[in-house]
>>> print(open('my_file.txt').read())   # compact mmCIF, N, CA and C atoms
# COMPACT_ATOMS: atom_id res chain seq x y z
N MET A 1 -0.89 20.95 18.62
CA MET A 1 -1.09 19.58 18.20
C MET A 1 -2.27 19.54 17.24
N HIS A 2 -2.16 18.74 16.21
CA HIS A 2 -3.22 18.57 15.24
C HIS A 2 -4.22 17.54 15.72
N SER A 3 -5.44 17.69 15.29
CA SER A 3 -6.46 16.69 15.57
C SER A 3 -6.74 15.95 14.27
N TYR A 4 -6.77 14.64 14.33
CA TYR A 4 -7.00 13.83 13.15
C TYR A 4 -8.31 13.08 13.31
N ASP A 5 -8.97 12.83 12.23
CA ASP A 5 -10.16 12.00 12.26
C ASP A 5 -9.84 10.69 11.58
N SER A 6 -10.39 9.63 12.12
CA SER A 6 -10.19 8.32 11.54
C SER A 6 -11.07 8.18 10.31
N PRO A 7 -10.85 7.15 9.49
CA PRO A 7 -11.67 6.95 8.30
C PRO A 7 -13.16 6.83 8.62
N SER A 8 -13.51 6.36 9.80
CA SER A 8 -14.93 6.22 10.14
C SER A 8 -15.51 7.53 10.64
N GLY A 9 -14.65 8.53 10.84
CA GLY A 9 -15.13 9.80 11.36
C GLY A 9 -15.03 9.90 12.87
N THR A 10 -14.59 8.83 13.53
CA THR A 10 -14.40 8.89 14.98
C THR A 10 -13.18 9.76 15.24
N PRO A 11 -13.32 10.80 16.04
CA PRO A 11 -12.17 11.67 16.28
C PRO A 11 -11.03 10.91 16.94
N ALA A 12 -9.82 11.22 16.54
CA ALA A 12 -8.64 10.61 17.15
C ALA A 12 -8.49 11.16 18.56
N PRO A 13 -8.22 10.31 19.53
CA PRO A 13 -8.04 10.80 20.90
C PRO A 13 -6.73 11.57 21.02
N GLU A 14 -6.75 12.60 21.84
CA GLU A 14 -5.54 13.38 22.09
C GLU A 14 -4.63 12.59 23.03
N VAL A 15 -3.33 12.82 22.91
CA VAL A 15 -2.39 12.18 23.82
C VAL A 15 -2.75 12.56 25.24
N GLY A 16 -2.82 11.56 26.11
CA GLY A 16 -3.15 11.80 27.50
C GLY A 16 -4.64 11.73 27.79
N ALA A 17 -5.46 11.75 26.75
CA ALA A 17 -6.91 11.71 26.94
C ALA A 17 -7.35 10.29 27.25
N GLU A 18 -8.36 10.17 28.10
CA GLU A 18 -8.95 8.87 28.38
C GLU A 18 -9.77 8.44 27.17
N PHE A 19 -9.55 7.23 26.70
CA PHE A 19 -10.29 6.72 25.55
C PHE A 19 -10.38 5.22 25.69
N SER A 20 -11.56 4.67 25.52
CA SER A 20 -11.70 3.22 25.56
C SER A 20 -12.81 2.80 24.61
N ALA A 21 -12.77 1.53 24.26
CA ALA A 21 -13.79 0.93 23.40
C ALA A 21 -14.31 -0.32 24.10
N ASN A 22 -15.59 -0.60 23.89
CA ASN A 22 -16.23 -1.74 24.54
C ASN A 22 -16.95 -2.60 23.51
N ALA A 23 -17.01 -3.89 23.79
CA ALA A 23 -17.74 -4.83 22.92
C ALA A 23 -18.12 -6.04 23.75
N GLY A 24 -18.95 -6.88 23.18
CA GLY A 24 -19.32 -8.14 23.82
C GLY A 24 -20.49 -8.02 24.76
N GLU A 25 -20.87 -9.18 25.27
CA GLU A 25 -21.98 -9.29 26.22
C GLU A 25 -21.57 -10.25 27.32
N PRO A 26 -22.18 -10.14 28.49
CA PRO A 26 -21.83 -11.07 29.57
C PRO A 26 -22.02 -12.53 29.13
N LEU A 27 -21.11 -13.38 29.57
CA LEU A 27 -21.25 -14.82 29.29
C LEU A 27 -22.39 -15.40 30.12
N GLU A 28 -23.05 -16.38 29.56
CA GLU A 28 -24.08 -17.08 30.31
C GLU A 28 -23.40 -17.96 31.35
N ASN A 29 -24.10 -18.22 32.45
CA ASN A 29 -23.55 -19.08 33.50
C ASN A 29 -23.19 -20.44 32.93
N GLY A 30 -22.06 -20.94 33.35
CA GLY A 30 -21.65 -22.28 32.95
C GLY A 30 -20.83 -22.34 31.67
N VAL A 31 -20.72 -21.23 30.94
CA VAL A 31 -19.92 -21.23 29.71
C VAL A 31 -18.44 -21.17 30.10
N PRO A 32 -17.63 -22.09 29.60
CA PRO A 32 -16.21 -22.06 29.95
C PRO A 32 -15.53 -20.79 29.42
N VAL A 33 -14.66 -20.24 30.24
CA VAL A 33 -13.94 -19.02 29.89
C VAL A 33 -12.76 -19.36 28.98
N ALA A 34 -12.58 -18.57 27.93
CA ALA A 34 -11.47 -18.77 27.00
C ALA A 34 -10.14 -18.49 27.68
N GLY A 35 -9.09 -19.04 27.13
CA GLY A 35 -7.75 -18.85 27.67
C GLY A 35 -7.00 -17.72 26.98
N GLU A 36 -5.84 -17.44 27.52
CA GLU A 36 -4.99 -16.36 27.02
C GLU A 36 -4.62 -16.55 25.54
N ALA A 37 -4.30 -17.78 25.14
CA ALA A 37 -3.88 -18.03 23.76
C ALA A 37 -4.97 -17.64 22.76
N ALA A 38 -6.23 -17.92 23.08
CA ALA A 38 -7.33 -17.58 22.18
C ALA A 38 -7.48 -16.07 22.05
N VAL A 39 -7.29 -15.35 23.14
CA VAL A 39 -7.39 -13.88 23.10
C VAL A 39 -6.24 -13.30 22.28
N ILE A 40 -5.04 -13.81 22.49
CA ILE A 40 -3.89 -13.33 21.72
C ILE A 40 -4.10 -13.60 20.23
N GLU A 41 -4.61 -14.77 19.89
CA GLU A 41 -4.86 -15.09 18.48
C GLU A 41 -5.86 -14.11 17.87
N ALA A 42 -6.89 -13.74 18.61
CA ALA A 42 -7.87 -12.77 18.12
C ALA A 42 -7.21 -11.40 17.92
N MET A 43 -6.34 -11.02 18.83
CA MET A 43 -5.64 -9.74 18.70
C MET A 43 -4.72 -9.75 17.49
N ARG A 44 -4.18 -10.90 17.17
CA ARG A 44 -3.28 -11.00 16.01
C ARG A 44 -4.05 -10.91 14.69
N ASP A 45 -5.37 -10.92 14.74
CA ASP A 45 -6.18 -10.73 13.53
C ASP A 45 -6.40 -9.25 13.22
N VAL A 46 -5.94 -8.36 14.09
CA VAL A 46 -6.17 -6.92 13.92
C VAL A 46 -4.89 -6.27 13.42
N TYR A 47 -5.04 -5.49 12.35
CA TYR A 47 -3.91 -4.80 11.73
C TYR A 47 -4.21 -3.32 11.60
N ASP A 48 -3.19 -2.51 11.78
CA ASP A 48 -3.26 -1.11 11.37
C ASP A 48 -3.17 -1.16 9.85
N PRO A 49 -4.10 -0.53 9.12
CA PRO A 49 -4.09 -0.64 7.66
C PRO A 49 -2.80 -0.17 6.98
N GLU A 50 -2.00 0.62 7.68
CA GLU A 50 -0.78 1.14 7.08
C GLU A 50 0.46 0.32 7.40
N ILE A 51 0.32 -0.70 8.28
CA ILE A 51 1.47 -1.49 8.71
C ILE A 51 1.15 -2.97 8.50
N PRO A 52 1.99 -3.71 7.78
CA PRO A 52 1.68 -5.11 7.47
C PRO A 52 2.02 -6.10 8.59
N VAL A 53 1.88 -5.67 9.85
CA VAL A 53 2.12 -6.53 10.99
C VAL A 53 0.96 -6.34 11.96
N ASN A 54 0.50 -7.43 12.58
CA ASN A 54 -0.64 -7.32 13.49
C ASN A 54 -0.28 -6.49 14.73
N ILE A 55 -1.31 -5.98 15.39
CA ILE A 55 -1.10 -5.07 16.51
C ILE A 55 -0.47 -5.76 17.73
N TYR A 56 -0.69 -7.05 17.88
CA TYR A 56 -0.08 -7.76 19.02
C TYR A 56 1.44 -7.85 18.83
N ASP A 57 1.87 -8.29 17.66
CA ASP A 57 3.30 -8.42 17.40
C ASP A 57 4.00 -7.08 17.26
N LEU A 58 3.23 -6.03 16.95
CA LEU A 58 3.81 -4.68 16.94
C LEU A 58 4.11 -4.20 18.36
N GLY A 59 3.57 -4.88 19.35
CA GLY A 59 3.80 -4.47 20.73
C GLY A 59 2.83 -3.40 21.19
N LEU A 60 1.70 -3.26 20.48
CA LEU A 60 0.72 -2.24 20.86
C LEU A 60 -0.17 -2.66 22.02
N ILE A 61 -0.26 -3.97 22.28
CA ILE A 61 -1.03 -4.45 23.42
C ILE A 61 -0.07 -4.49 24.61
N TYR A 62 -0.30 -3.61 25.57
CA TYR A 62 0.60 -3.55 26.72
C TYR A 62 0.28 -4.63 27.74
N ASN A 63 -0.99 -4.88 27.98
CA ASN A 63 -1.37 -5.97 28.87
C ASN A 63 -2.86 -6.23 28.73
N PHE A 64 -3.27 -7.39 29.19
CA PHE A 64 -4.70 -7.71 29.25
C PHE A 64 -4.93 -8.74 30.33
N THR A 65 -6.14 -8.72 30.87
CA THR A 65 -6.54 -9.71 31.86
C THR A 65 -7.87 -10.31 31.44
N ILE A 66 -8.03 -11.57 31.80
CA ILE A 66 -9.29 -12.27 31.57
C ILE A 66 -9.88 -12.56 32.94
N GLY A 67 -11.06 -12.02 33.21
CA GLY A 67 -11.69 -12.22 34.50
C GLY A 67 -12.36 -13.58 34.62
N ASP A 68 -12.79 -13.89 35.84
CA ASP A 68 -13.43 -15.19 36.13
C ASP A 68 -14.68 -15.44 35.30
N VAL A 69 -15.36 -14.37 34.88
CA VAL A 69 -16.60 -14.54 34.11
C VAL A 69 -16.37 -14.25 32.62
N GLY A 70 -15.09 -14.26 32.19
CA GLY A 70 -14.77 -14.11 30.78
C GLY A 70 -14.65 -12.68 30.28
N ASN A 71 -14.71 -11.71 31.19
CA ASN A 71 -14.53 -10.32 30.75
C ASN A 71 -13.05 -10.04 30.54
N VAL A 72 -12.74 -9.26 29.51
CA VAL A 72 -11.36 -8.92 29.19
C VAL A 72 -11.17 -7.42 29.34
N ASN A 73 -10.11 -7.06 30.03
CA ASN A 73 -9.68 -5.66 30.12
C ASN A 73 -8.28 -5.60 29.52
N ALA A 74 -8.11 -4.71 28.53
CA ALA A 74 -6.82 -4.61 27.85
C ALA A 74 -6.39 -3.15 27.79
N GLU A 75 -5.08 -2.96 27.77
CA GLU A 75 -4.50 -1.65 27.55
C GLU A 75 -3.64 -1.74 26.30
N MET A 76 -3.81 -0.75 25.44
CA MET A 76 -3.02 -0.71 24.22
C MET A 76 -2.56 0.71 23.95
N SER A 77 -1.59 0.83 23.07
CA SER A 77 -1.11 2.13 22.64
C SER A 77 -1.12 2.17 21.12
N LEU A 78 -0.56 3.21 20.58
CA LEU A 78 -0.45 3.38 19.13
C LEU A 78 1.01 3.66 18.78
N THR A 79 1.36 3.42 17.53
CA THR A 79 2.73 3.72 17.10
C THR A 79 2.98 5.22 17.09
N ALA A 80 1.92 6.01 16.87
CA ALA A 80 2.03 7.47 16.85
C ALA A 80 0.68 8.07 17.23
N PRO A 81 0.68 9.16 17.98
CA PRO A 81 -0.58 9.77 18.39
C PRO A 81 -1.46 10.21 17.22
N GLY A 82 -0.86 10.57 16.10
CA GLY A 82 -1.63 11.03 14.96
C GLY A 82 -2.07 9.92 14.03
N CYS A 83 -2.02 8.69 14.46
CA CYS A 83 -2.43 7.55 13.65
C CYS A 83 -3.83 7.78 13.08
N PRO A 84 -4.01 7.65 11.76
CA PRO A 84 -5.31 7.92 11.16
C PRO A 84 -6.45 7.03 11.66
N VAL A 85 -6.13 5.87 12.22
CA VAL A 85 -7.19 4.99 12.72
C VAL A 85 -7.21 4.95 14.26
N ALA A 86 -6.62 5.96 14.88
CA ALA A 86 -6.54 6.00 16.35
C ALA A 86 -7.91 5.88 17.00
N GLY A 87 -8.92 6.49 16.42
CA GLY A 87 -10.25 6.43 17.00
C GLY A 87 -10.97 5.11 16.74
N ASP A 88 -10.42 4.29 15.84
CA ASP A 88 -11.05 3.02 15.47
C ASP A 88 -10.34 1.79 16.03
N LEU A 89 -9.03 1.83 16.10
CA LEU A 89 -8.25 0.63 16.43
C LEU A 89 -8.65 -0.02 17.76
N PRO A 90 -8.85 0.72 18.85
CA PRO A 90 -9.30 0.04 20.07
C PRO A 90 -10.63 -0.70 19.89
N GLY A 91 -11.53 -0.15 19.11
CA GLY A 91 -12.81 -0.81 18.83
C GLY A 91 -12.63 -2.07 18.01
N TRP A 92 -11.70 -2.04 17.06
CA TRP A 92 -11.42 -3.23 16.26
C TRP A 92 -10.89 -4.35 17.16
N VAL A 93 -10.03 -3.99 18.11
CA VAL A 93 -9.48 -4.98 19.04
C VAL A 93 -10.59 -5.53 19.92
N ALA A 94 -11.41 -4.64 20.48
CA ALA A 94 -12.52 -5.08 21.34
C ALA A 94 -13.45 -6.01 20.59
N ASP A 95 -13.80 -5.66 19.36
CA ASP A 95 -14.70 -6.50 18.55
C ASP A 95 -14.08 -7.87 18.27
N ALA A 96 -12.80 -7.89 17.92
CA ALA A 96 -12.12 -9.16 17.61
C ALA A 96 -12.08 -10.07 18.84
N VAL A 97 -11.76 -9.52 19.98
CA VAL A 97 -11.67 -10.33 21.20
C VAL A 97 -13.06 -10.79 21.63
N ALA A 98 -14.06 -9.94 21.48
CA ALA A 98 -15.43 -10.29 21.89
C ALA A 98 -15.99 -11.46 21.08
N LYS A 99 -15.45 -11.71 19.89
CA LYS A 99 -15.91 -12.81 19.05
C LYS A 99 -15.37 -14.17 19.51
N VAL A 100 -14.39 -14.16 20.41
CA VAL A 100 -13.80 -15.41 20.89
C VAL A 100 -14.82 -16.14 21.75
N GLU A 101 -15.01 -17.42 21.45
CA GLU A 101 -15.90 -18.24 22.27
C GLU A 101 -15.36 -18.30 23.69
N GLY A 102 -16.20 -17.99 24.66
CA GLY A 102 -15.78 -18.00 26.05
C GLY A 102 -15.31 -16.65 26.55
N ILE A 103 -15.55 -15.61 25.77
CA ILE A 103 -15.23 -14.24 26.19
C ILE A 103 -16.53 -13.46 26.28
N GLY A 104 -16.66 -12.68 27.35
CA GLY A 104 -17.86 -11.87 27.57
C GLY A 104 -17.62 -10.43 27.15
N GLU A 105 -17.75 -9.54 28.09
CA GLU A 105 -17.57 -8.11 27.80
C GLU A 105 -16.09 -7.78 27.71
N VAL A 106 -15.77 -6.86 26.80
CA VAL A 106 -14.38 -6.49 26.54
C VAL A 106 -14.26 -4.97 26.62
N GLU A 107 -13.24 -4.51 27.33
CA GLU A 107 -12.90 -3.09 27.34
C GLU A 107 -11.45 -2.95 26.95
N VAL A 108 -11.20 -2.10 25.96
CA VAL A 108 -9.83 -1.82 25.51
C VAL A 108 -9.57 -0.34 25.74
N LYS A 109 -8.62 -0.05 26.63
CA LYS A 109 -8.25 1.32 26.94
C LYS A 109 -7.01 1.71 26.15
N LEU A 110 -7.05 2.91 25.62
CA LEU A 110 -5.90 3.47 24.93
C LEU A 110 -5.06 4.21 25.95
N VAL A 111 -3.78 3.83 26.05
CA VAL A 111 -2.87 4.47 27.00
C VAL A 111 -1.68 5.05 26.25
N TRP A 112 -1.08 6.06 26.83
CA TRP A 112 0.05 6.73 26.18
C TRP A 112 1.34 6.58 26.97
N ASP A 113 1.25 5.97 28.16
CA ASP A 113 2.41 5.85 29.01
C ASP A 113 2.60 4.40 29.40
N PRO A 114 3.71 3.79 29.08
CA PRO A 114 4.85 4.39 28.41
C PRO A 114 4.59 4.54 26.91
N PRO A 115 5.26 5.48 26.28
CA PRO A 115 5.10 5.63 24.84
C PRO A 115 5.58 4.38 24.10
N TRP A 116 4.93 4.06 23.00
CA TRP A 116 5.34 2.91 22.20
C TRP A 116 6.69 3.20 21.55
N THR A 117 7.54 2.17 21.49
CA THR A 117 8.81 2.26 20.77
C THR A 117 9.00 0.96 19.98
N PRO A 118 9.81 0.98 18.94
CA PRO A 118 10.02 -0.23 18.14
C PRO A 118 10.59 -1.40 18.94
N GLU A 119 11.21 -1.15 20.09
CA GLU A 119 11.74 -2.22 20.92
C GLU A 119 10.64 -3.14 21.45
N LEU A 120 9.39 -2.67 21.44
CA LEU A 120 8.27 -3.46 21.94
C LEU A 120 7.79 -4.51 20.93
N MET A 121 8.28 -4.43 19.69
CA MET A 121 7.85 -5.37 18.66
C MET A 121 8.45 -6.75 18.89
N SER A 122 7.72 -7.78 18.45
CA SER A 122 8.26 -9.13 18.48
C SER A 122 9.39 -9.23 17.46
N GLU A 123 10.22 -10.26 17.60
CA GLU A 123 11.30 -10.46 16.64
C GLU A 123 10.75 -10.65 15.22
N ASP A 124 9.64 -11.37 15.08
CA ASP A 124 9.03 -11.57 13.77
C ASP A 124 8.59 -10.24 13.16
N ALA A 125 8.02 -9.36 13.97
CA ALA A 125 7.58 -8.05 13.48
C ALA A 125 8.78 -7.23 13.03
N LYS A 126 9.85 -7.26 13.81
CA LYS A 126 11.05 -6.52 13.45
C LYS A 126 11.62 -7.01 12.12
N LEU A 127 11.61 -8.33 11.95
CA LEU A 127 12.10 -8.91 10.69
C LEU A 127 11.21 -8.47 9.52
N ALA A 128 9.89 -8.54 9.70
CA ALA A 128 8.96 -8.19 8.63
C ALA A 128 9.08 -6.73 8.22
N LEU A 129 9.41 -5.86 9.18
CA LEU A 129 9.48 -4.44 8.88
C LEU A 129 10.91 -3.96 8.65
N GLY A 130 11.88 -4.87 8.75
CA GLY A 130 13.27 -4.49 8.53
C GLY A 130 13.82 -3.59 9.62
N VAL A 131 13.33 -3.79 10.85
CA VAL A 131 13.81 -2.99 11.98
C VAL A 131 14.86 -3.81 12.71
N GLY A 132 16.03 -3.24 12.90
CA GLY A 132 17.12 -3.98 13.52
C GLY A 132 17.10 -3.91 14.97
>>> encode(input="my_file.txt", output="structure tokens")
Amino acid sequence: MHSYDSPSGTPAPEVGAEFSANAGEPLENGVPVAGEAAVIEAMRDVYDPEIPVNIYDLGLIYNFTIGDVGNVNAEMSLTAPGCPVAGDLPGWVADAVAKVEGIGEVEVKLVWDPPWTPELMSEDAKLALGVG
């Protein structure tokens, strides 16, 4: 297997390797926690530079939870293990979500199981990419 480096120089994680990115700070007491829609909207602002569809609609976000104190834990995958931005994309997602008002600390874990397939894309993403 080849090892790839992302444009920032962050080494691409190997398939099966534990990899996560963190961002944000704990919310102050009394700050209302953001809802699911706000987190999804932030994720839709993140794009793989080589694909003109956001990572949420590509089906790269497998799941996420918002805790009682506004912390977000998310699991995501990649379209391919050798993705040139594999070492950066989880950090981009963590940073985008951490900017949402009412969100505290964010952890985005890169997972490889189940492997990503085009069936995970939204209908809009399939239309945009010409995938039937």
>>> residues_around(input="my_file.txt", residues="Ala125 (chain A)", least_positions_apart="4", cutoff="8 Å", atoms="all atoms listed in the file", output="ChimeraX atom specification")
/A:52-54,57-59,121,129-131
>>> select_by_dssp(input="my_file.txt", residues="chain A", states="helix (DSSP H, G or I)", output="PDB file with N, CA and C atoms, in the coordinates of the input")
ATOM      1  N   GLU A  36      -5.840 -17.440  27.520  1.00  0.00           N
ATOM      2  CA  GLU A  36      -4.990 -16.360  27.020  1.00  0.00           C
ATOM      3  C   GLU A  36      -4.620 -16.550  25.540  1.00  0.00           C
ATOM      4  N   ALA A  37      -4.300 -17.780  25.140  1.00  0.00           N
ATOM      5  CA  ALA A  37      -3.880 -18.030  23.760  1.00  0.00           C
ATOM      6  C   ALA A  37      -4.970 -17.640  22.760  1.00  0.00           C
ATOM      7  N   ALA A  38      -6.230 -17.920  23.080  1.00  0.00           N
ATOM      8  CA  ALA A  38      -7.330 -17.580  22.180  1.00  0.00           C
ATOM      9  C   ALA A  38      -7.480 -16.070  22.050  1.00  0.00           C
ATOM     10  N   VAL A  39      -7.290 -15.350  23.140  1.00  0.00           N
ATOM     11  CA  VAL A  39      -7.390 -13.880  23.100  1.00  0.00           C
ATOM     12  C   VAL A  39      -6.240 -13.300  22.280  1.00  0.00           C
ATOM     13  N   ILE A  40      -5.040 -13.810  22.490  1.00  0.00           N
ATOM     14  CA  ILE A  40      -3.890 -13.330  21.720  1.00  0.00           C
ATOM     15  C   ILE A  40      -4.100 -13.600  20.230  1.00  0.00           C
ATOM     16  N   GLU A  41      -4.610 -14.770  19.890  1.00  0.00           N
ATOM     17  CA  GLU A  41      -4.860 -15.090  18.480  1.00  0.00           C
ATOM     18  C   GLU A  41      -5.860 -14.110  17.870  1.00  0.00           C
ATOM     19  N   ALA A  42      -6.890 -13.740  18.610  1.00  0.00           N
ATOM     20  CA  ALA A  42      -7.870 -12.770  18.120  1.00  0.00           C
ATOM     21  C   ALA A  42      -7.210 -11.400  17.920  1.00  0.00           C
ATOM     22  N   MET A  43      -6.340 -11.020  18.830  1.00  0.00           N
ATOM     23  CA  MET A  43      -5.640  -9.740  18.700  1.00  0.00           C
ATOM     24  C   MET A  43      -4.720  -9.750  17.490  1.00  0.00           C
ATOM     25  N   LEU A  89      -9.030   1.830  16.100  1.00  0.00           N
ATOM     26  CA  LEU A  89      -8.250   0.630  16.430  1.00  0.00           C
ATOM     27  C   LEU A  89      -8.650  -0.020  17.760  1.00  0.00           C
ATOM     28  N   PRO A  90      -8.850   0.720  18.850  1.00  0.00           N
ATOM     29  CA  PRO A  90      -9.300   0.040  20.070  1.00  0.00           C
ATOM     30  C   PRO A  90     -10.630  -0.700  19.890  1.00  0.00           C
ATOM     31  N   GLY A  91     -11.530  -0.150  19.110  1.00  0.00           N
ATOM     32  CA  GLY A  91     -12.810  -0.810  18.830  1.00  0.00           C
ATOM     33  C   GLY A  91     -12.630  -2.070  18.010  1.00  0.00           C
ATOM     34  N   TRP A  92     -11.700  -2.040  17.060  1.00  0.00           N
ATOM     35  CA  TRP A  92     -11.420  -3.230  16.260  1.00  0.00           C
ATOM     36  C   TRP A  92     -10.890  -4.350  17.160  1.00  0.00           C
ATOM     37  N   VAL A  93     -10.030  -3.990  18.110  1.00  0.00           N
ATOM     38  CA  VAL A  93      -9.480  -4.980  19.040  1.00  0.00           C
ATOM     39  C   VAL A  93     -10.590  -5.530  19.920  1.00  0.00           C
ATOM     40  N   ALA A  94     -11.410  -4.640  20.480  1.00  0.00           N
ATOM     41  CA  ALA A  94     -12.520  -5.080  21.340  1.00  0.00           C
ATOM     42  C   ALA A  94     -13.450  -6.010  20.590  1.00  0.00           C
ATOM     43  N   ASP A  95     -13.800  -5.660  19.360  1.00  0.00           N
ATOM     44  CA  ASP A  95     -14.700  -6.500  18.550  1.00  0.00           C
ATOM     45  C   ASP A  95     -14.080  -7.870  18.270  1.00  0.00           C
ATOM     46  N   ALA A  96     -12.800  -7.890  17.920  1.00  0.00           N
ATOM     47  CA  ALA A  96     -12.120  -9.160  17.610  1.00  0.00           C
ATOM     48  C   ALA A  96     -12.080 -10.070  18.840  1.00  0.00           C
ATOM     49  N   VAL A  97     -11.760  -9.520  19.980  1.00  0.00           N
ATOM     50  CA  VAL A  97     -11.670 -10.330  21.200  1.00  0.00           C
ATOM     51  C   VAL A  97     -13.060 -10.790  21.630  1.00  0.00           C
ATOM     52  N   ALA A  98     -14.060  -9.940  21.480  1.00  0.00           N
ATOM     53  CA  ALA A  98     -15.430 -10.290  21.890  1.00  0.00           C
ATOM     54  C   ALA A  98     -15.990 -11.460  21.080  1.00  0.00           C
ATOM     55  N   PRO A 118       9.810   0.980  18.940  1.00  0.00           N
ATOM     56  CA  PRO A 118      10.020  -0.230  18.140  1.00  0.00           C
ATOM     57  C   PRO A 118      10.590  -1.400  18.940  1.00  0.00           C
ATOM     58  N   GLU A 119      11.210  -1.150  20.090  1.00  0.00           N
ATOM     59  CA  GLU A 119      11.740  -2.220  20.920  1.00  0.00           C
ATOM     60  C   GLU A 119      10.640  -3.140  21.450  1.00  0.00           C
ATOM     61  N   LEU A 120       9.390  -2.670  21.440  1.00  0.00           N
ATOM     62  CA  LEU A 120       8.270  -3.460  21.940  1.00  0.00           C
ATOM     63  C   LEU A 120       7.790  -4.510  20.930  1.00  0.00           C
ATOM     64  N   GLU A 123      10.220 -10.260  17.600  1.00  0.00           N
ATOM     65  CA  GLU A 123      11.300 -10.460  16.640  1.00  0.00           C
ATOM     66  C   GLU A 123      10.750 -10.650  15.220  1.00  0.00           C
ATOM     67  N   ASP A 124       9.640 -11.370  15.080  1.00  0.00           N
ATOM     68  CA  ASP A 124       9.030 -11.570  13.770  1.00  0.00           C
ATOM     69  C   ASP A 124       8.590 -10.240  13.160  1.00  0.00           C
ATOM     70  N   ALA A 125       8.020  -9.360  13.970  1.00  0.00           N
ATOM     71  CA  ALA A 125       7.580  -8.050  13.480  1.00  0.00           C
ATOM     72  C   ALA A 125       8.780  -7.230  13.030  1.00  0.00           C
ATOM     73  N   LYS A 126       9.850  -7.260  13.810  1.00  0.00           N
ATOM     74  CA  LYS A 126      11.050  -6.520  13.450  1.00  0.00           C
ATOM     75  C   LYS A 126      11.620  -7.010  12.120  1.00  0.00           C
ATOM     76  N   LEU A 127      11.610  -8.330  11.950  1.00  0.00           N
ATOM     77  CA  LEU A 127      12.100  -8.910  10.690  1.00  0.00           C
ATOM     78  C   LEU A 127      11.210  -8.470   9.520  1.00  0.00           C
ATOM     79  N   ALA A 128       9.890  -8.540   9.700  1.00  0.00           N
ATOM     80  CA  ALA A 128       8.960  -8.190   8.630  1.00  0.00           C
ATOM     81  C   ALA A 128       9.080  -6.730   8.220  1.00  0.00           C
ATOM     82  N   LEU A 129       9.410  -5.860   9.180  1.00  0.00           N
ATOM     83  CA  LEU A 129       9.480  -4.440   8.880  1.00  0.00           C
ATOM     84  C   LEU A 129      10.910  -3.960   8.650  1.00  0.00           C
TER      85      LEU A 129
END
>>> residues_around(input="my_file.txt", residues="Val39 (chain A)", least_positions_apart="5", cutoff="6.5 Å", atoms="all atoms listed in the file", output="JSON list (two decimals) with N, CA and C atoms, keeping the file's coordinate frame")
[["chain", "number", "residue", "atom", "x", "y", "z"],
["A", 34, "ALA", "N", -12.58, -18.57, 27.93],
["A", 34, "ALA", "CA", -11.47, -18.77, 27.00],
["A", 34, "ALA", "C", -10.14, -18.49, 27.68],
["A", 44, "ARG", "N", -4.18, -10.90, 17.17],
["A", 44, "ARG", "CA", -3.28, -11.00, 16.01],
["A", 44, "ARG", "C", -4.05, -10.91, 14.69],
["A", 97, "VAL", "N", -11.76, -9.52, 19.98],
["A", 97, "VAL", "CA", -11.67, -10.33, 21.20],
["A", 97, "VAL", "C", -13.06, -10.79, 21.63]]
>>> atom_distance(input="my_file.txt", atom1="atom N of Pro118 (chain A)", atom2="atom N of Ile66 (chain A)")
25.3 Å
>>> select_by_dssp(input="my_file.txt", residues="chain A", states="strand (DSSP E or B)", output="ChimeraX atom specification")
/A:5,11,19-23,47,54,61-66,72-76,106-110
>>> atom_distance(input="my_file.txt", atom1="atom N of Pro81 (chain A)", atom2="atom C of Glu105 (chain A)")
25.7 Å
>>> atom_distance(input="my_file.txt", atom1="atom C of Val85 (chain A)", atom2="CA of Glu50 (chain A)")
10.4 Å
